[in-house]
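Remarks on the structure that follows.
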Amino acid sequence: MPDEISIGAAHSLFNAYNGHDKQEFLLFISSAEDLSLKAVNYRCLQYFRNYFPLEEGEEDFFKENIHPEDYPSFLHLLGNYSEELETGDSSLIIRMRSTFGYWKKFHLESRFYGGFNEGSENFVLTLAKPIENIRAQGRKEHKIETESVLRESLNRYRVLVNSLDQGFGVVEMIFDLQKKPIDYLFVEVNPAFEKHTGLRDPLGKTMREFYKKHENPWFNTLGRVAFTGEAVRFEDYAAARNRWFDVYAFPIGSKKSRKVACLFSDITRRKETEEKLRRLNEDLELKVKSRTFELEENNELLQMVFDTVNQGIFVMKPLFGENYDIVDFTYIRVNKVINRYYNQSRMVGRSFLKHNPQSAEKGVFETFKQTMLTGESADFEIEVERNERNNWFRITSRRQSGLLVCSLENITRDKLKAQKLKENVRFKKQLIDTSPDIIMIFDLYDEKVKFINRDLSEEEGMTVKKVEGMPLLDILPLIHPQDRRKTLSFHTDLMEASDEEVVEVEFRLKGKEKHWDCYNARGKVFKRNRKENVVEYIVLLRNVQSQKMTQQALITAEKLSIKGEIARTLAHELRNPLASISMSADILEKINTGSRKKLLKNYTGIIKRSATTLNNLVTDLLTASNYSKPQMTKCCLAKTTNKALSHAKDRIYLSGVTVHKKYRGPYFINADEEKLQIAILNIIVNASEAMVPHEGILDISIKKKKNTYALTITDNGCGMEQEQIDRLFESFYTQKPGGMGIGLSSVKNILDDHGATIEVQSVPREGTSFVLTFPCHEDVIKGN
């Protein structure tokens, strides 16, 4: 036998039965074309239990169960539904066979029930009301007094429902014979229902009668609630109204009634706001990426200029006189070649004419002036007598952003060919010795390091003496495990590179105090054998750890600026609805005088306290967007945790979370109590949201470990993967629908200000623990 199929409250189908709430009815939905049975209600299944299940479309059901003398009248009624049902002449009394074989009289009412989709077949909905005998009528009279009491209770319930601003309705689900939900019938609505849905006079009508193409997910979700008896909270989009709704659906009445109550509100504006915030976040991410790319380009340009080791590079700014004429230049940046040429350890900030007295008479100063005034680059050679010897230099100059960028190349070796080789060797050796880069030559025949110009890492014992002659495979363990594959690809690319090609890679190398430092490596073919195979290549290593940290700091500063702007915008948008919520709660308390006043007062109290808490959080959010240094005082960690729990008690109560506290105190620390409360409250709220409602267990403990106190907050929620944990404290990173990703980032900032640490331990589908470690107050005082 198929499961119970609920069709709706029969009394609300036709106006003729208004007021007969306690009557039980049989209900049939049959095809208007061939009278095949399509759906029935639970009472019908019970009454004809020996005849179910039927095959879909079986046409003998009515013939077998209706008295032969009454069957022609029944056929006449349904066969002419298009004429008689529309004129209202649809009443008939017939006899139907019970499961025990006797005949019982029923009063039939039928009406036309349109197809669900365009072009689909039509249906006839038939209501069979049993004609009661005298004994049943007597029992009914004895129930009048009880029903009167129930009706009075129902009236109070309706007053409460009708006062809600949210839409409220009760529907009964309609299923086909395969237990698939195909429609639902409206049996009760409040005044706000029509405002939210736009449906006029819905009582006694089905959803398909309003919208034939109503979305199936709505039927499936409400059908699940009717079958399982389990409440559900969901958000869904109604295409017919072009609106979003937040719906709380729960079963009502007996399980056999298949009634579902829906409390809902229009959240279209919130969804639109969330979409705007999402697009804004995407735009901000694009701006961050664009800014990062610009910084990288500028850095590459600067590196390209100053890494030109074969010539001196210097940048100067002009000095102007009273007539706005250029009277001198000042060095603002030079490389080591220039410092070496002038035999000065620091040239920045010094006068060009003072260190080059011959530049005026040789025309160098005048050339530089013309470059600055006209913007035309210059390239020239000069001869200078230095140390009783003639030297030749090639100088280039160009104007860039109001500065003069010059290169100086000694070409004396080209003029004095007899000394070319000697000077060339000496010059290259000096470059290697003074180069800021670590220069290494790898011998692929012997598979070892042939040359290195300086110590790689003194802390790890990687000196020149140890590295020269080291097998190549011994270098691999010094490279970060995640970067070893790309360093091997770097080696392969060099083996296949041309003589002019430069191969570049970045990787992490073991540095001081067991930290990993980021290095940039540029490699080039150095030597080939007769078969043109690479036998040696040269690599220039440069430690770029500080550069990476600077770039990250700039990106972080940009994000913090963006976060402040979002905080101010979000706080502004929240204040008005918070004020409306508080005022509505006050009005509800004043107008409610019924028997449920005490129960309602509990919930209005929760609303007002929550609104106050949110308003305070808005203020804190505005304050947090303008960073202020924490005011550190002596406070008890246990009391601060209790205050955070007090702020979260309404959220914990509504979520049905059980809290286990394992601490007594006192545990004195040095902290800004208000800011620390915000951090702890944020973790507690996140934990309550991660747990299944009414199944959550929150364990909070405080333990002393040597000179610190460890606060542990553990939930039995959904848990996290390692990838989520790694990014948990990043700004704007979130996995929560509608979240902004600033909560845990703020927690991390607050704990950093307190000199505290935070660790996260999590197992997917089992739970998460946050461990916050604080220095004891006594130790903080001693440290100061």
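Chain labels A, B, ... are given in the sequence in which chains occur in the structure tokens; within each chain residues are numbered consecutively from 1, and ligands are likewise numbered from 1 in the order shown.
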As a tab-separated table (two decimals) with all heavy atoms, in the first residue's frame, please: the residues near Arg95 of chain A (cut-off 7 Å, only C-alpha atoms, same-chain neighbours under 3 positions excluded).
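Generated file (around-v8.tsv):
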```
chain	number	residue	atom	x	y	z
A	66	ILE	N	-18.26	2.22	-6.63
A	66	ILE	CA	-19.51	2.97	-6.61
A	66	ILE	C	-20.67	2.02	-6.91
A	66	ILE	O	-20.56	1.15	-7.80
A	66	ILE	CB	-19.47	4.14	-7.62
A	66	ILE	CG1	-18.35	5.13	-7.22
A	66	ILE	CG2	-20.81	4.86	-7.71
A	66	ILE	CD1	-18.19	6.27	-8.18
A	67	HIS	N	-21.75	2.18	-6.19
A	67	HIS	CA	-22.94	1.31	-6.38
A	67	HIS	C	-23.37	1.34	-7.84
A	67	HIS	O	-23.40	2.41	-8.47
A	67	HIS	CB	-24.08	1.79	-5.45
A	67	HIS	CG	-25.17	0.77	-5.29
A	67	HIS	ND1	-26.12	0.52	-6.24
A	67	HIS	CD2	-25.44	-0.07	-4.25
A	67	HIS	CE1	-26.94	-0.42	-5.82
A	67	HIS	NE2	-26.54	-0.80	-4.59
A	70	ASP	N	-25.80	3.94	-8.90
A	70	ASP	CA	-25.35	5.33	-8.83
A	70	ASP	C	-24.23	5.64	-9.83
A	70	ASP	O	-23.89	6.81	-10.04
A	70	ASP	CB	-24.86	5.66	-7.42
A	70	ASP	CG	-25.95	5.48	-6.39
A	70	ASP	OD1	-27.13	5.60	-6.75
A	70	ASP	OD2	-25.59	5.24	-5.21
A	103	TRP	N	-22.32	-0.92	1.87
A	103	TRP	CA	-22.47	0.34	1.11
A	103	TRP	C	-22.72	1.48	2.08
A	103	TRP	O	-23.51	1.37	3.02
A	103	TRP	CB	-23.62	0.26	0.11
A	103	TRP	CG	-23.42	-0.80	-0.93
A	103	TRP	CD1	-23.95	-2.05	-0.96
A	103	TRP	CD2	-22.60	-0.69	-2.07
A	103	TRP	NE1	-23.53	-2.75	-2.04
A	103	TRP	CE2	-22.67	-1.92	-2.78
A	103	TRP	CE3	-21.80	0.31	-2.61
A	103	TRP	CZ2	-22.00	-2.18	-3.95
A	103	TRP	CZ3	-21.14	0.07	-3.78
A	103	TRP	CH2	-21.23	-1.16	-4.45
A	104	LYS	N	-22.07	2.61	1.82
A	104	LYS	CA	-22.21	3.80	2.68
A	104	LYS	C	-22.47	5.01	1.79
A	104	LYS	O	-21.87	5.16	0.73
A	104	LYS	CB	-20.94	4.03	3.49
A	104	LYS	CG	-21.06	5.18	4.47
A	104	LYS	CD	-19.81	5.28	5.33
A	104	LYS	CE	-19.92	6.40	6.32
A	104	LYS	NZ	-18.72	6.52	7.19
A	105	LYS	N	-23.41	5.88	2.22
A	105	LYS	CA	-23.79	7.05	1.43
A	105	LYS	C	-22.77	8.19	1.61
A	105	LYS	O	-22.33	8.45	2.71
A	105	LYS	CB	-25.19	7.54	1.83
A	105	LYS	CG	-26.31	6.62	1.37
A	105	LYS	CD	-27.66	7.24	1.69
A	105	LYS	CE	-28.80	6.34	1.20
A	105	LYS	NZ	-30.13	6.96	1.46
A	106	PHE	N	-22.47	8.85	0.48
A	106	PHE	CA	-21.57	10.00	0.48
A	106	PHE	C	-22.21	11.13	-0.32
A	106	PHE	O	-22.88	10.89	-1.34
A	106	PHE	CB	-20.22	9.65	-0.15
A	106	PHE	CG	-19.34	8.81	0.72
A	106	PHE	CD1	-19.47	7.42	0.74
A	106	PHE	CD2	-18.40	9.38	1.55
A	106	PHE	CE1	-18.67	6.65	1.55
A	106	PHE	CE2	-17.60	8.62	2.35
A	106	PHE	CZ	-17.73	7.25	2.36
```
Quiz item: Could you pull the residues within 12 Å of segment 163-166 of chain A, counting only C-alpha atoms, minus those fewer than 5 positions along the same chain, as a list in words?
Solution: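 Counting only C-alpha atoms, the residues come to Arg156, Tyr157, Arg158, Val189, Asn190, Pro191, Ala192, Phe193, Glu194, Lys195, His196, Thr197, Phe245, Asp246, Val247, Tyr248, Cys262, Leu263, Phe264, Ser265, Asp266, Ile267, Ile581, Ser584, Ala585, Ile587, Leu588, Ile591 and Asn592 of chain A.
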Quiz item: For Gly375 of chain A, which residue among A:Gly665, A:Pro436, A:Gly253, A:Gly402 is the nearest when counting only C-alpha atoms?
Solution: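 Selected residue with least distance to Gly375 of chain A: A:Gly402.
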Exercise. Using only C-alpha atoms, pick whichever of A:His107, A:Arg609, A:Lys661, A:Arg278 has the shortest atom-to-atom distance to Ser91 of chain A.
Key: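 Of A:His107, A:Arg609, A:Lys661, A:Arg278, the one nearest Ser91 of chain A is A:His107, counting only C-alpha atoms.
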Practice problem: Give me, please, the distance in Å between atom CA of Pro318 of chain A and atom CA of Thr330 of chain A, quoted to one decimal. | Solution: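 It comes out at 6.5 Å.
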Self-check item: For atom CA of Leu711 of chain A and atom CA of Ile606 of chain A, the interatomic separation in Å (one decimal)
Solution: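 Those two atoms sit 27.8 Å apart.
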Practice problem: Skip Gly523 of chain A itself and residues of its chain fewer than 4 positions away, then list as a list in words all residues within 9 Å of it, counting only C-alpha atoms. | Solution: Phe490, His491, Leu494, Glu501, Val502, Val503, Glu504, Val505, Tyr537, Ile538, Val539, Leu540 and Leu541 of chain A
Could you save those same residues with C-alpha atoms as a PDB file, in the first residue's frame?
```pdb
ATOM      1  CA  PHE A 490      65.361  25.192 -13.894  1.00  0.00           C
ATOM      2  CA  HIS A 491      68.314  22.798 -14.358  1.00  0.00           C
ATOM      3  CA  LEU A 494      69.407  25.500 -18.760  1.00  0.00           C
ATOM      4  CA  GLU A 501      69.048  32.845 -23.186  1.00  0.00           C
ATOM      5  CA  VAL A 502      68.712  33.671 -19.455  1.00  0.00           C
ATOM      6  CA  VAL A 503      66.654  31.255 -17.318  1.00  0.00           C
ATOM      7  CA  GLU A 504      65.126  32.556 -14.089  1.00  0.00           C
ATOM      8  CA  VAL A 505      63.461  30.931 -11.056  1.00  0.00           C
ATOM      9  CA  TYR A 537      76.447  26.952 -16.458  1.00  0.00           C
ATOM     10  CA  ILE A 538      76.619  30.010 -14.209  1.00  0.00           C
ATOM     11  CA  VAL A 539      73.950  31.029 -11.693  1.00  0.00           C
ATOM     12  CA  LEU A 540      73.506  34.397  -9.965  1.00  0.00           C
ATOM     13  CA  LEU A 541      71.671  34.068  -6.625  1.00  0.00           C
TER      14      LEU A 541
END
```
Exercise. Check the smallest atom-to-atom distance from each of A:Met207, A:Val685, A:Val364, A:Cys635 to Tyr184 of chain A using only C-alpha atoms, then report the winner.
Key: A:Met207
Practice problem: Mind listing the helix (DSSP H, G or I) residues of segment 164-342 of chain A, per DSSP on the backbone, as JSON, numbers by chain? | Solution: {"A": [191, 192, 193, 194, 195, 196, 197, 207, 208, 209, 210, 216, 217, 218, 219, 220, 221, 222, 223, 224, 225, 226, 227, 228, 255, 256, 257, 268, 269, 270, 271, 272, 273, 274, 275, 276, 277, 278, 279, 280, 281, 282, 283, 284, 285, 286, 287, 288, 289, 290, 291, 292, 293, 294, 295, 296, 297, 298, 299, 300, 301, 302, 303, 304, 305, 306, 336, 337, 338, 339, 340, 341, 342]}
Mind dumping the selected residues with C-alpha atoms as a PDB file, in the first residue's frame?
```pdb
ATOM      1  CA  PRO A 191      -2.875  39.535   6.410  1.00  0.00           C
ATOM      2  CA  ALA A 192       0.848  39.989   5.607  1.00  0.00           C
ATOM      3  CA  PHE A 193       0.744  36.942   3.328  1.00  0.00           C
ATOM      4  CA  GLU A 194      -0.789  38.812   0.368  1.00  0.00           C
ATOM      5  CA  LYS A 195       1.657  41.737   0.787  1.00  0.00           C
ATOM      6  CA  HIS A 196       4.673  39.408   0.511  1.00  0.00           C
ATOM      7  CA  THR A 197       3.371  37.034  -2.206  1.00  0.00           C
ATOM      8  CA  MET A 207      -0.542  27.098  -6.018  1.00  0.00           C
ATOM      9  CA  ARG A 208      -0.902  25.694  -9.532  1.00  0.00           C
ATOM     10  CA  GLU A 209      -4.119  27.672  -9.942  1.00  0.00           C
ATOM     11  CA  PHE A 210      -2.079  30.868  -9.535  1.00  0.00           C
ATOM     12  CA  ASN A 216       9.387  22.232  -8.456  1.00  0.00           C
ATOM     13  CA  PRO A 217      12.047  22.826  -5.713  1.00  0.00           C
ATOM     14  CA  TRP A 218       9.373  24.550  -3.595  1.00  0.00           C
ATOM     15  CA  PHE A 219       7.091  21.481  -3.843  1.00  0.00           C
ATOM     16  CA  ASN A 220       9.974  19.091  -3.135  1.00  0.00           C
ATOM     17  CA  THR A 221      11.167  20.996  -0.054  1.00  0.00           C
ATOM     18  CA  LEU A 222       7.706  21.392   1.520  1.00  0.00           C
ATOM     19  CA  GLY A 223       6.844  17.783   0.594  1.00  0.00           C
ATOM     20  CA  ARG A 224       9.928  16.593   2.488  1.00  0.00           C
ATOM     21  CA  VAL A 225       8.791  18.518   5.590  1.00  0.00           C
ATOM     22  CA  ALA A 226       5.298  16.945   5.320  1.00  0.00           C
ATOM     23  CA  PHE A 227       6.659  13.390   4.999  1.00  0.00           C
ATOM     24  CA  THR A 228       9.532  13.516   7.515  1.00  0.00           C
ATOM     25  CA  LYS A 255       1.587  13.628  11.031  1.00  0.00           C
ATOM     26  CA  LYS A 256      -1.216  12.192   8.906  1.00  0.00           C
ATOM     27  CA  SER A 257      -2.560  15.637   7.998  1.00  0.00           C
ATOM     28  CA  THR A 268      15.279  40.484  -1.916  1.00  0.00           C
ATOM     29  CA  ARG A 269      16.915  43.727  -0.769  1.00  0.00           C
ATOM     30  CA  ARG A 270      19.432  41.829   1.365  1.00  0.00           C
ATOM     31  CA  LYS A 271      20.275  39.529  -1.540  1.00  0.00           C
ATOM     32  CA  GLU A 272      20.778  42.521  -3.821  1.00  0.00           C
ATOM     33  CA  THR A 273      23.048  44.107  -1.200  1.00  0.00           C
ATOM     34  CA  GLU A 274      25.033  40.863  -0.882  1.00  0.00           C
ATOM     35  CA  GLU A 275      25.446  40.732  -4.655  1.00  0.00           C
ATOM     36  CA  LYS A 276      26.685  44.340  -4.676  1.00  0.00           C
ATOM     37  CA  LEU A 277      29.163  43.535  -1.905  1.00  0.00           C
ATOM     38  CA  ARG A 278      30.337  40.457  -3.803  1.00  0.00           C
ATOM     39  CA  ARG A 279      30.930  42.506  -6.950  1.00  0.00           C
ATOM     40  CA  LEU A 280      32.643  45.198  -4.879  1.00  0.00           C
ATOM     41  CA  ASN A 281      34.929  42.567  -3.328  1.00  0.00           C
ATOM     42  CA  GLU A 282      35.805  41.239  -6.807  1.00  0.00           C
ATOM     43  CA  ASP A 283      36.586  44.770  -8.000  1.00  0.00           C
ATOM     44  CA  LEU A 284      38.784  45.359  -4.954  1.00  0.00           C
ATOM     45  CA  GLU A 285      40.649  42.096  -5.559  1.00  0.00           C
ATOM     46  CA  LEU A 286      41.273  43.181  -9.147  1.00  0.00           C
ATOM     47  CA  LYS A 287      42.631  46.520  -7.925  1.00  0.00           C
ATOM     48  CA  VAL A 288      44.949  44.744  -5.480  1.00  0.00           C
ATOM     49  CA  LYS A 289      46.227  42.485  -8.256  1.00  0.00           C
ATOM     50  CA  SER A 290      46.691  45.470 -10.555  1.00  0.00           C
ATOM     51  CA  ARG A 291      48.595  47.400  -7.858  1.00  0.00           C
ATOM     52  CA  THR A 292      50.776  44.357  -7.190  1.00  0.00           C
ATOM     53  CA  PHE A 293      51.542  44.047 -10.882  1.00  0.00           C
ATOM     54  CA  GLU A 294      52.531  47.731 -11.049  1.00  0.00           C
ATOM     55  CA  LEU A 295      54.846  47.328  -8.046  1.00  0.00           C
ATOM     56  CA  GLU A 296      56.463  44.302  -9.671  1.00  0.00           C
ATOM     57  CA  GLU A 297      56.956  46.185 -12.944  1.00  0.00           C
ATOM     58  CA  ASN A 298      58.538  49.171 -11.186  1.00  0.00           C
ATOM     59  CA  ASN A 299      60.767  46.892  -9.174  1.00  0.00           C
ATOM     60  CA  GLU A 300      61.853  45.012 -12.301  1.00  0.00           C
ATOM     61  CA  LEU A 301      62.687  48.323 -14.013  1.00  0.00           C
ATOM     62  CA  LEU A 302      64.775  49.462 -11.056  1.00  0.00           C
ATOM     63  CA  GLN A 303      66.478  46.088 -10.837  1.00  0.00           C
ATOM     64  CA  MET A 304      67.211  46.110 -14.568  1.00  0.00           C
ATOM     65  CA  VAL A 305      69.039  49.454 -14.238  1.00  0.00           C
ATOM     66  CA  PHE A 306      71.054  48.832 -11.107  1.00  0.00           C
ATOM     67  CA  LYS A 336      78.849  50.230  -6.206  1.00  0.00           C
ATOM     68  CA  VAL A 337      80.799  50.869  -9.423  1.00  0.00           C
ATOM     69  CA  ILE A 338      80.399  54.626  -8.960  1.00  0.00           C
ATOM     70  CA  ASN A 339      81.330  54.423  -5.270  1.00  0.00           C
ATOM     71  CA  ARG A 340      84.435  52.510  -6.231  1.00  0.00           C
ATOM     72  CA  TYR A 341      85.361  54.977  -8.976  1.00  0.00           C
ATOM     73  CA  TYR A 342      85.255  57.923  -6.584  1.00  0.00           C
TER      74      TYR A 342
END
```
Quiz item: By how many Å are atom CA of Asp499 of chain A and atom CA of Asn310 of chain A apart?
Solution: 18.6 Å
Self-check item: Distance criterion (only C-alpha atoms): nearest to Asp34 of chain A out of A:Leu681, A:Gly167, A:Asp60, A:Phe48
Solution: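 That would be A:Asp60, the residue with the smallest distance to Asp34 of chain A.
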Self-check item: Ala378 of chain A surroundings by only C-alpha atoms, 10 Å radius, close-in-sequence under 6 positions cut, as a PyMOL selection string
Solution: chain A and resi 367-368+370-371+395-399+406
Write a file of the selected residues as a JSON list (two decimals), in the first residue's frame, keeping N, CA and C atoms.
```json
[["chain", "number", "residue", "atom", "x", "y", "z"],
["A", 367, "THR", "N", 76.14, 69.29, -21.18],
["A", 367, "THR", "CA", 75.36, 68.23, -21.83],
["A", 367, "THR", "C", 74.25, 67.73, -20.91],
["A", 368, "PHE", "N", 74.58, 67.56, -19.63],
["A", 368, "PHE", "CA", 73.59, 67.12, -18.67],
["A", 368, "PHE", "C", 72.45, 68.13, -18.55],
["A", 370, "GLN", "N", 71.39, 70.24, -20.88],
["A", 370, "GLN", "CA", 70.56, 70.18, -22.09],
["A", 370, "GLN", "C", 69.62, 68.97, -22.06],
["A", 371, "THR", "N", 70.13, 67.87, -21.54],
["A", 371, "THR", "CA", 69.27, 66.67, -21.43],
["A", 371, "THR", "C", 68.07, 66.95, -20.53],
["A", 395, "ILE", "N", 79.63, 57.91, -21.64],
["A", 395, "ILE", "CA", 78.57, 58.36, -20.72],
["A", 395, "ILE", "C", 77.27, 58.49, -21.50],
["A", 396, "THR", "N", 76.19, 57.97, -20.94],
["A", 396, "THR", "CA", 74.85, 58.16, -21.50],
["A", 396, "THR", "C", 74.00, 58.85, -20.46],
["A", 397, "SER", "N", 73.09, 59.71, -20.90],
["A", 397, "SER", "CA", 72.20, 60.42, -19.97],
["A", 397, "SER", "C", 70.80, 60.52, -20.59],
["A", 398, "ARG", "N", 69.79, 60.40, -19.74],
["A", 398, "ARG", "CA", 68.39, 60.58, -20.19],
["A", 398, "ARG", "C", 67.57, 61.13, -19.03],
["A", 399, "ARG", "N", 66.51, 61.84, -19.41],
["A", 399, "ARG", "CA", 65.63, 62.42, -18.40],
["A", 399, "ARG", "C", 64.48, 61.45, -18.11],
["A", 406, "CYS", "N", 71.97, 58.36, -15.49],
["A", 406, "CYS", "CA", 73.20, 58.30, -16.28],
["A", 406, "CYS", "C", 73.91, 56.96, -16.07]]
```
Self-check item: Distance criterion (only C-alpha atoms): nearest to Tyr663 of chain A out of A:Met632, A:Ile702, A:Leu488, A:Leu177
Solution: A:Ile702
